[in-house]
Amino acid sequence: MELTRWGQFALHAVATLLYLFLLAPIFIVVIAAFNSGEYLRFPPEGFSLRWFRSLLSSEPFIESFLFSLQLAVTVTILATVIGTAAALYIVRHAGRLRSPLQLLMISPLPVPAILTGIALLIFFYATDISRSSFTHLVIGHTLVCLPYVFLTVSTVLVGFDRSLEEAARSLGAGPLTTFFRITLPILKSGMVSGAVFAFIISFDQFPISLLLSGVGSTPLPVQLFDYLRFSFDPTAAAVSTVTIVMTVIVVLVTERLVGLESLYNRGKS
């Protein structure tokens with residue numbers, strides 16, 4: 001019993017240290033954003049909101065934020081629709097091709113994003129498929145976000161009780177009615193969770209954005225990188241803090257809409 005108690009204590013201590021290790025950079029950035037000094041440093045010299053005012057008055061940062069928001073929303077919609085359709089086909093109808101297609105869908109995950117960006121850059125220059133930087137960014141971001149939607153929706157489909165669809169069809173519902181009234185509501189938790197992942201990953205995507213962005217289409221991470229090359233004041237920390245707060249709000253809204261535990265519970269079933 002004594003060993004068990006010490007074992008639990010050691011487990012809690014290791015878990016606490018791990019959480020501190022993961023969260024410490026976030027806390028440092030947030031605290032540094034309120035620094036009253038002229039340079040980005042920790043610990044701060046004092047408390048001030050001047051760098052948030054500097055952020056709000058910075059036209060390049062505001063334009064980049066709005067551009068990243070537009071890009072992330074577009075990518076989220078595309079990745080959710082394509083990823084859900086792919087999951088439905090592969091899980092239910094792919095047959096012997098299921099494993100190869102699953103590997104194909106998740107293949108962007110193990111590949112470094114910088115390599116994906118280089119490959120896309122060469123492809124776009126070779127094919128001249130579009131001259132729009134926004135189109136290039138949408139294609140690149142959608143490619144790396146698709147696996148997250150595909151995996152979350154596939155998890156729900158694995159534990160899906162198809163007798164519910166059969167019951168609806170036996171009661172006279174057509175394929176479309178069954179899909180929208182039965183299938184889609186049950187898939188909602190996986191779709192929303194995947195959409196949240198896609199939005200956050202697209203909004204914070206740096207390597208692909210750095211390679212594919214053009215004049216007048218600079219996402220926020222690239223703008224922040226360019227800013228830090230010439231200035232090292234806490235405005236950068238203020239930008240990061242706003243991004244962190246937005247991410248937390250997105251997660252909280254998701255928890256409010258579908259519950260973060262719903263996907264886990266469906267996967268267990």
# chains A, B, ... in the order shown; residues from 1 in each chain; ligands from 1
>>> select_by_dssp(residues="region 37-243 of chain A", states="helix (DSSP H, G or I)", output="JSON, numbers by chain")
{"A": [50, 51, 52, 53, 54, 55, 56, 59, 60, 61, 62, 63, 64, 65, 66, 67, 68, 69, 70, 71, 72, 73, 74, 75, 76, 77, 78, 79, 80, 81, 82, 83, 84, 85, 86, 87, 88, 89, 90, 91, 92, 93, 95, 96, 97, 98, 99, 100, 101, 102, 103, 104, 105, 106, 113, 114, 115, 116, 117, 118, 119, 120, 121, 122, 123, 124, 125, 126, 127, 133, 134, 135, 136, 137, 138, 139, 140, 141, 142, 143, 144, 145, 146, 147, 148, 149, 150, 151, 152, 153, 154, 155, 156, 157, 158, 163, 164, 165, 166, 167, 168, 169, 170, 175, 176, 177, 178, 179, 180, 181, 182, 183, 184, 185, 186, 187, 188, 189, 190, 191, 192, 193, 194, 195, 196, 197, 198, 199, 200, 201, 202, 203, 207, 208, 209, 210, 211, 212, 220, 221, 222, 223, 224, 225, 226, 227, 228, 229, 230, 235, 236, 237, 238, 239, 240, 241, 242, 243]}
>>> closest_atom_pairs(of="region 168-214 of chain A", to="region 146-161 of chain A", cutoff="12 Å", atoms="only C-alpha atoms", output="tab-separated table")
residue	atom	partner	partner_atom	distance
A:Ile182	CA	A:Asp161	CA	10.5
A:Thr183	CA	A:Phe160	CA	8.9
A:Leu184	CA	A:Val153	CA	10.6
A:Pro185	CA	A:Val156	CA	11.3
A:Ile186	CA	A:Val156	CA	8.0
A:Leu187	CA	A:Val156	CA	6.4
A:Lys188	CA	A:Val153	CA	8.5
A:Ser189	CA	A:Val156	CA	8.0
A:Gly190	CA	A:Val153	CA	4.5
A:Met191	CA	A:Val153	CA	5.8
A:Val192	CA	A:Val149	CA	8.6
A:Ser193	CA	A:Thr152	CA	6.9
A:Gly194	CA	A:Val149	CA	4.0
A:Ala195	CA	A:Val149	CA	6.4
A:Val196	CA	A:Val149	CA	8.9
A:Phe197	CA	A:Tyr148	CA	6.5
A:Ala198	CA	A:Tyr148	CA	6.8
A:Phe199	CA	A:Tyr148	CA	10.5
A:Ile200	CA	A:Tyr148	CA	11.1
A:Ile201	CA	A:Tyr148	CA	9.6
A:Ser202	CA	A:Leu146	CA	10.6
>>> write_last_selection(atoms="N, CA and C atoms", output="PDB file, in the first residue's frame")
ATOM      1  N   ILE A 182     -30.464  11.542 -39.978  1.00  0.00           N
ATOM      2  CA  ILE A 182     -29.896  10.511 -39.103  1.00  0.00           C
ATOM      3  C   ILE A 182     -28.368  10.542 -39.105  1.00  0.00           C
ATOM      4  N   THR A 183     -27.774  10.384 -40.303  1.00  0.00           N
ATOM      5  CA  THR A 183     -26.314  10.240 -40.394  1.00  0.00           C
ATOM      6  C   THR A 183     -25.587  11.512 -39.988  1.00  0.00           C
ATOM      7  N   LEU A 184     -25.967  12.630 -40.568  1.00  0.00           N
ATOM      8  CA  LEU A 184     -25.256  13.880 -40.329  1.00  0.00           C
ATOM      9  C   LEU A 184     -25.293  14.323 -38.861  1.00  0.00           C
ATOM     10  N   PRO A 185     -26.452  14.273 -38.170  1.00  0.00           N
ATOM     11  CA  PRO A 185     -26.436  14.653 -36.750  1.00  0.00           C
ATOM     12  C   PRO A 185     -25.517  13.786 -35.894  1.00  0.00           C
ATOM     13  N   ILE A 186     -25.416  12.485 -36.214  1.00  0.00           N
ATOM     14  CA  ILE A 186     -24.548  11.616 -35.433  1.00  0.00           C
ATOM     15  C   ILE A 186     -23.081  11.921 -35.729  1.00  0.00           C
ATOM     16  N   LEU A 187     -22.785  12.321 -36.964  1.00  0.00           N
ATOM     17  CA  LEU A 187     -21.410  12.660 -37.330  1.00  0.00           C
ATOM     18  C   LEU A 187     -20.998  14.053 -36.863  1.00  0.00           C
ATOM     19  N   LYS A 188     -21.930  14.811 -36.302  1.00  0.00           N
ATOM     20  CA  LYS A 188     -21.667  16.214 -35.976  1.00  0.00           C
ATOM     21  C   LYS A 188     -20.464  16.387 -35.059  1.00  0.00           C
ATOM     22  N   SER A 189     -20.355  15.540 -34.039  1.00  0.00           N
ATOM     23  CA  SER A 189     -19.250  15.699 -33.093  1.00  0.00           C
ATOM     24  C   SER A 189     -17.905  15.534 -33.781  1.00  0.00           C
ATOM     25  N   GLY A 190     -17.779  14.520 -34.652  1.00  0.00           N
ATOM     26  CA  GLY A 190     -16.526  14.330 -35.372  1.00  0.00           C
ATOM     27  C   GLY A 190     -16.246  15.450 -36.345  1.00  0.00           C
ATOM     28  N   MET A 191     -17.278  15.936 -37.027  1.00  0.00           N
ATOM     29  CA  MET A 191     -17.097  17.009 -37.992  1.00  0.00           C
ATOM     30  C   MET A 191     -16.676  18.306 -37.308  1.00  0.00           C
ATOM     31  N   VAL A 192     -17.325  18.626 -36.199  1.00  0.00           N
ATOM     32  CA  VAL A 192     -16.990  19.868 -35.487  1.00  0.00           C
ATOM     33  C   VAL A 192     -15.586  19.787 -34.903  1.00  0.00           C
ATOM     34  N   SER A 193     -15.237  18.642 -34.316  1.00  0.00           N
ATOM     35  CA  SER A 193     -13.893  18.482 -33.759  1.00  0.00           C
ATOM     36  C   SER A 193     -12.838  18.598 -34.852  1.00  0.00           C
ATOM     37  N   GLY A 194     -13.080  17.949 -35.989  1.00  0.00           N
ATOM     38  CA  GLY A 194     -12.143  18.058 -37.102  1.00  0.00           C
ATOM     39  C   GLY A 194     -12.057  19.471 -37.641  1.00  0.00           C
ATOM     40  N   ALA A 195     -13.190  20.164 -37.698  1.00  0.00           N
ATOM     41  CA  ALA A 195     -13.197  21.547 -38.173  1.00  0.00           C
ATOM     42  C   ALA A 195     -12.394  22.457 -37.251  1.00  0.00           C
ATOM     43  N   VAL A 196     -12.487  22.222 -35.952  1.00  0.00           N
ATOM     44  CA  VAL A 196     -11.709  23.030 -34.993  1.00  0.00           C
ATOM     45  C   VAL A 196     -10.217  22.807 -35.210  1.00  0.00           C
ATOM     46  N   PHE A 197      -9.816  21.543 -35.352  1.00  0.00           N
ATOM     47  CA  PHE A 197      -8.413  21.247 -35.640  1.00  0.00           C
ATOM     48  C   PHE A 197      -7.971  21.939 -36.927  1.00  0.00           C
ATOM     49  N   ALA A 198      -8.795  21.843 -37.962  1.00  0.00           N
ATOM     50  CA  ALA A 198      -8.447  22.441 -39.254  1.00  0.00           C
ATOM     51  C   ALA A 198      -8.289  23.956 -39.132  1.00  0.00           C
ATOM     52  N   PHE A 199      -9.202  24.601 -38.413  1.00  0.00           N
ATOM     53  CA  PHE A 199      -9.142  26.057 -38.267  1.00  0.00           C
ATOM     54  C   PHE A 199      -7.873  26.486 -37.541  1.00  0.00           C
ATOM     55  N   ILE A 200      -7.566  25.827 -36.431  1.00  0.00           N
ATOM     56  CA  ILE A 200      -6.398  26.210 -35.641  1.00  0.00           C
ATOM     57  C   ILE A 200      -5.115  25.961 -36.415  1.00  0.00           C
ATOM     58  N   ILE A 201      -5.024  24.808 -37.079  1.00  0.00           N
ATOM     59  CA  ILE A 201      -3.815  24.469 -37.823  1.00  0.00           C
ATOM     60  C   ILE A 201      -3.624  25.414 -39.006  1.00  0.00           C
ATOM     61  N   SER A 202      -4.710  25.737 -39.696  1.00  0.00           N
ATOM     62  CA  SER A 202      -4.608  26.662 -40.826  1.00  0.00           C
ATOM     63  C   SER A 202      -4.217  28.057 -40.360  1.00  0.00           C
TER      64      SER A 202
END
>>> residues_around(residues="Ala72 (chain A)", least_positions_apart="4", cutoff="10 Å", atoms="only C-alpha atoms", output="list in words")
Leu66, Phe67, Ser68, Thr76, Ile77, Leu78, Leu137, Val138, His141, Thr142, Ala198, Phe199, Ile200, Ile201, Ser202, Phe203, Asp204, Gln205 and Pro219 of chain A
>>> residues_around(residues="region 239-244 of chain A", least_positions_apart="2", cutoff="8 Å", atoms="only C-alpha atoms", output="PyMOL selection string")
chain A and resi 29-30+33+52+55+224+235-237+246-248
>>> write_last_selection(atoms="C-alpha atoms", output="tab-separated table (two decimals), in the first residue's frame")
chain	number	residue	atom	x	y	z
A	29	VAL	CA	4.52	34.97	-23.89
A	30	VAL	CA	1.28	36.22	-22.32
A	33	ALA	CA	2.87	41.00	-23.77
A	52	PHE	CA	-1.86	45.96	-27.41
A	55	LEU	CA	-1.07	46.15	-32.26
A	224	LEU	CA	4.94	38.12	-37.31
A	235	THR	CA	4.12	43.78	-29.93
A	236	ALA	CA	5.03	40.29	-31.11
A	237	ALA	CA	3.99	38.90	-27.73
A	246	MET	CA	-8.79	33.23	-29.94
A	247	THR	CA	-7.77	29.55	-29.90
A	248	VAL	CA	-9.07	29.14	-26.35
>>> atom_distance(atom1="CA of Asp128 (chain A)", atom2="CA of Val75 (chain A)")
21.1 Å
>>> atom_distance(atom1="CA of Phe232 (chain A)", atom2="CA of Ser133 (chain A)")
28.2 Å
>>> residues_around(residues="Arg98 (chain A)", least_positions_apart="6", cutoff="12 Å", atoms="only C-alpha atoms", output="JSON, numbers by chain")
{"A": [86, 87, 88, 89, 90, 91, 92, 104, 105, 154]}
>>> write_last_selection(atoms="C-alpha atoms", output="short mmCIF file (atom, residue, chain, number, x, y, z; two decimals), in the first residue's frame")
data_model
loop_
_atom_site.label_atom_id
_atom_site.label_comp_id
_atom_site.auth_asym_id
_atom_site.auth_seq_id
_atom_site.Cartn_x
_atom_site.Cartn_y
_atom_site.Cartn_z
CA ALA A 86 -13.74 10.81 -47.89
CA ALA A 87 -14.35 9.21 -44.49
CA LEU A 88 -17.84 8.09 -45.51
CA TYR A 89 -16.58 6.50 -48.70
CA ILE A 90 -13.44 4.87 -47.30
CA VAL A 91 -15.01 3.48 -44.12
CA ARG A 92 -18.19 2.19 -45.80
CA LEU A 104 -3.16 8.24 -48.62
CA MET A 105 -5.51 10.47 -46.63
CA SER A 154 -13.70 8.07 -39.27
#
>>> closest_residue(among="A:Phe206, A:Leu120, A:Phe134, A:Leu252", to="Gln70 (chain A)", atoms="only C-alpha atoms")
A:Phe134
>>> residues_around(residues="Ile31 (chain A)", least_positions_apart="5", cutoff="10 Å", atoms="only C-alpha atoms", output="list in words")
Pro25, Ile26, Arg41, Phe42, Pro43, Pro44, Phe47, Pro234, Ala237, Ala238 and Thr241 of chain A
>>> select_by_dssp(residues="region 1-240 of chain A", states="strand (DSSP E or B)", output="PyMOL selection string")
chain A and resi 35+47+214+217
>>> atom_distance(atom1="CA of Ala10 (chain A)", atom2="CA of Leu23 (chain A)")
19.9 Å
>>> residues_around(residues="Gly46 (chain A)", least_positions_apart="6", cutoff="9 Å", atoms="only C-alpha atoms", output="number ranges by chain")
A: 34-37
>>> decode(residues="region 107-250 of chain A", atoms="C-alpha atoms", output="compact mmCIF listing (two decimals), in the first residue's frame")
# COMPACT_ATOMS: atom_id res chain seq x y z
CA SER A 107 0.01 10.85 -45.58
CA PRO A 108 0.44 14.64 -45.06
CA LEU A 109 0.77 14.09 -41.29
CA PRO A 110 4.25 12.47 -41.16
CA VAL A 111 5.68 14.65 -43.94
CA PRO A 112 7.30 17.89 -42.67
CA ALA A 113 5.22 20.89 -43.68
CA ILE A 114 8.26 22.60 -45.19
CA LEU A 115 8.67 19.71 -47.66
CA THR A 116 4.97 19.84 -48.52
CA GLY A 117 5.30 23.57 -49.13
CA ILE A 118 8.33 23.11 -51.40
CA ALA A 119 6.54 20.39 -53.38
CA LEU A 120 3.47 22.58 -53.81
CA LEU A 121 5.59 25.57 -54.81
CA ILE A 122 7.31 23.53 -57.55
CA PHE A 123 3.96 22.12 -58.65
CA PHE A 124 2.29 25.53 -58.92
CA TYR A 125 5.20 27.01 -60.89
CA ALA A 126 5.37 23.97 -63.19
CA THR A 127 1.65 23.79 -63.96
CA ASP A 128 0.70 27.46 -63.65
CA ILE A 129 -2.58 26.18 -62.20
CA SER A 130 -3.37 29.57 -60.70
CA ARG A 131 -1.66 32.91 -60.23
CA SER A 132 -3.59 33.70 -57.06
CA SER A 133 -1.59 33.38 -53.84
CA PHE A 134 -4.83 32.95 -51.93
CA THR A 135 -5.73 29.93 -54.07
CA HIS A 136 -2.27 28.45 -53.51
CA LEU A 137 -2.59 28.93 -49.76
CA VAL A 138 -6.08 27.42 -49.68
CA ILE A 139 -4.88 24.31 -51.52
CA GLY A 140 -1.78 23.95 -49.33
CA HIS A 141 -3.60 24.47 -46.03
CA THR A 142 -6.46 22.19 -47.03
CA LEU A 143 -3.98 19.45 -47.86
CA VAL A 144 -2.42 19.48 -44.37
CA CYS A 145 -5.77 19.93 -42.57
CA LEU A 146 -7.65 17.12 -44.33
CA PRO A 147 -6.16 14.27 -42.23
CA TYR A 148 -7.52 15.74 -39.01
CA VAL A 149 -11.10 15.91 -40.27
CA PHE A 150 -10.79 12.50 -41.89
CA LEU A 151 -9.52 10.85 -38.69
CA THR A 152 -12.11 12.40 -36.36
CA VAL A 153 -15.05 11.58 -38.65
CA SER A 154 -13.70 8.07 -39.27
CA THR A 155 -13.54 7.50 -35.52
CA VAL A 156 -17.25 8.28 -35.23
CA LEU A 157 -18.11 6.13 -38.24
CA VAL A 158 -16.34 3.08 -36.81
CA GLY A 159 -18.75 3.03 -33.86
CA PHE A 160 -21.75 4.09 -35.95
CA ASP A 161 -24.90 1.98 -35.42
CA ARG A 162 -26.17 1.54 -38.98
CA SER A 163 -29.41 0.01 -37.74
CA LEU A 164 -30.60 3.59 -37.16
CA GLU A 165 -30.28 4.29 -40.89
CA GLU A 166 -31.98 1.00 -41.73
CA ALA A 167 -34.85 1.85 -39.41
CA ALA A 168 -35.28 5.24 -41.10
CA ARG A 169 -35.25 3.65 -44.55
CA SER A 170 -37.80 1.02 -43.49
CA LEU A 171 -40.10 3.82 -42.33
CA GLY A 172 -40.06 5.39 -45.78
CA ALA A 173 -37.20 7.89 -45.57
CA GLY A 174 -35.20 8.34 -48.74
CA PRO A 175 -31.39 8.33 -48.95
CA LEU A 176 -31.07 12.12 -48.66
CA THR A 177 -33.57 12.35 -45.81
CA THR A 178 -31.80 9.55 -43.96
CA PHE A 179 -28.45 11.23 -44.45
CA PHE A 180 -29.53 14.68 -43.26
CA ARG A 181 -31.85 13.50 -40.45
CA ILE A 182 -29.90 10.51 -39.10
CA THR A 183 -26.31 10.24 -40.39
CA LEU A 184 -25.26 13.88 -40.33
CA PRO A 185 -26.44 14.65 -36.75
CA ILE A 186 -24.55 11.62 -35.43
CA LEU A 187 -21.41 12.66 -37.33
CA LYS A 188 -21.67 16.21 -35.98
CA SER A 189 -19.25 15.70 -33.09
CA GLY A 190 -16.53 14.33 -35.37
CA MET A 191 -17.10 17.01 -37.99
CA VAL A 192 -16.99 19.87 -35.49
CA SER A 193 -13.89 18.48 -33.76
CA GLY A 194 -12.14 18.06 -37.10
CA ALA A 195 -13.20 21.55 -38.17
CA VAL A 196 -11.71 23.03 -34.99
CA PHE A 197 -8.41 21.25 -35.64
CA ALA A 198 -8.45 22.44 -39.25
CA PHE A 199 -9.14 26.06 -38.27
CA ILE A 200 -6.40 26.21 -35.64
CA ILE A 201 -3.81 24.47 -37.82
CA SER A 202 -4.61 26.66 -40.83
CA PHE A 203 -4.54 29.88 -38.82
CA ASP A 204 -1.15 29.02 -37.27
CA GLN A 205 0.40 27.35 -40.32
CA PHE A 206 3.84 28.86 -40.97
CA PRO A 207 6.04 26.77 -43.33
CA ILE A 208 3.49 26.44 -46.13
CA SER A 209 2.34 30.05 -45.69
CA LEU A 210 5.93 31.29 -45.89
CA LEU A 211 6.52 29.53 -49.21
CA LEU A 212 3.18 30.16 -50.90
CA SER A 213 2.19 33.65 -49.75
CA GLY A 214 2.61 36.58 -52.10
CA VAL A 215 2.36 40.35 -52.16
CA GLY A 216 -0.86 41.47 -50.50
CA SER A 217 -1.60 37.98 -49.15
CA THR A 218 0.51 37.67 -46.03
CA PRO A 219 -0.88 35.42 -43.26
CA LEU A 220 -0.36 36.47 -39.66
CA PRO A 221 2.44 33.97 -38.81
CA VAL A 222 4.50 35.20 -41.78
CA GLN A 223 3.83 38.84 -40.87
CA LEU A 224 4.94 38.12 -37.31
CA PHE A 225 8.11 36.44 -38.57
CA ASP A 226 8.96 39.42 -40.78
CA TYR A 227 8.29 41.81 -37.90
CA LEU A 228 10.66 39.97 -35.55
CA ARG A 229 13.46 40.17 -38.11
CA PHE A 230 13.67 43.94 -37.63
CA SER A 231 11.92 44.66 -34.31
CA PHE A 232 12.01 42.86 -30.98
CA ASP A 233 9.45 44.69 -28.91
CA PRO A 234 6.49 43.14 -27.03
CA THR A 235 4.12 43.78 -29.93
CA ALA A 236 5.03 40.29 -31.11
CA ALA A 237 3.99 38.90 -27.73
CA ALA A 238 0.72 40.86 -27.95
CA VAL A 239 -0.01 39.27 -31.34
CA SER A 240 0.72 35.82 -29.91
CA THR A 241 -1.50 36.50 -26.91
CA VAL A 242 -4.43 37.48 -29.14
CA THR A 243 -3.93 34.26 -31.13
CA ILE A 244 -3.85 32.19 -27.94
CA VAL A 245 -7.02 33.81 -26.62
CA MET A 246 -8.79 33.23 -29.94
CA THR A 247 -7.77 29.55 -29.90
CA VAL A 248 -9.07 29.14 -26.35
CA ILE A 249 -12.37 30.77 -27.33
CA VAL A 250 -12.73 28.40 -30.30
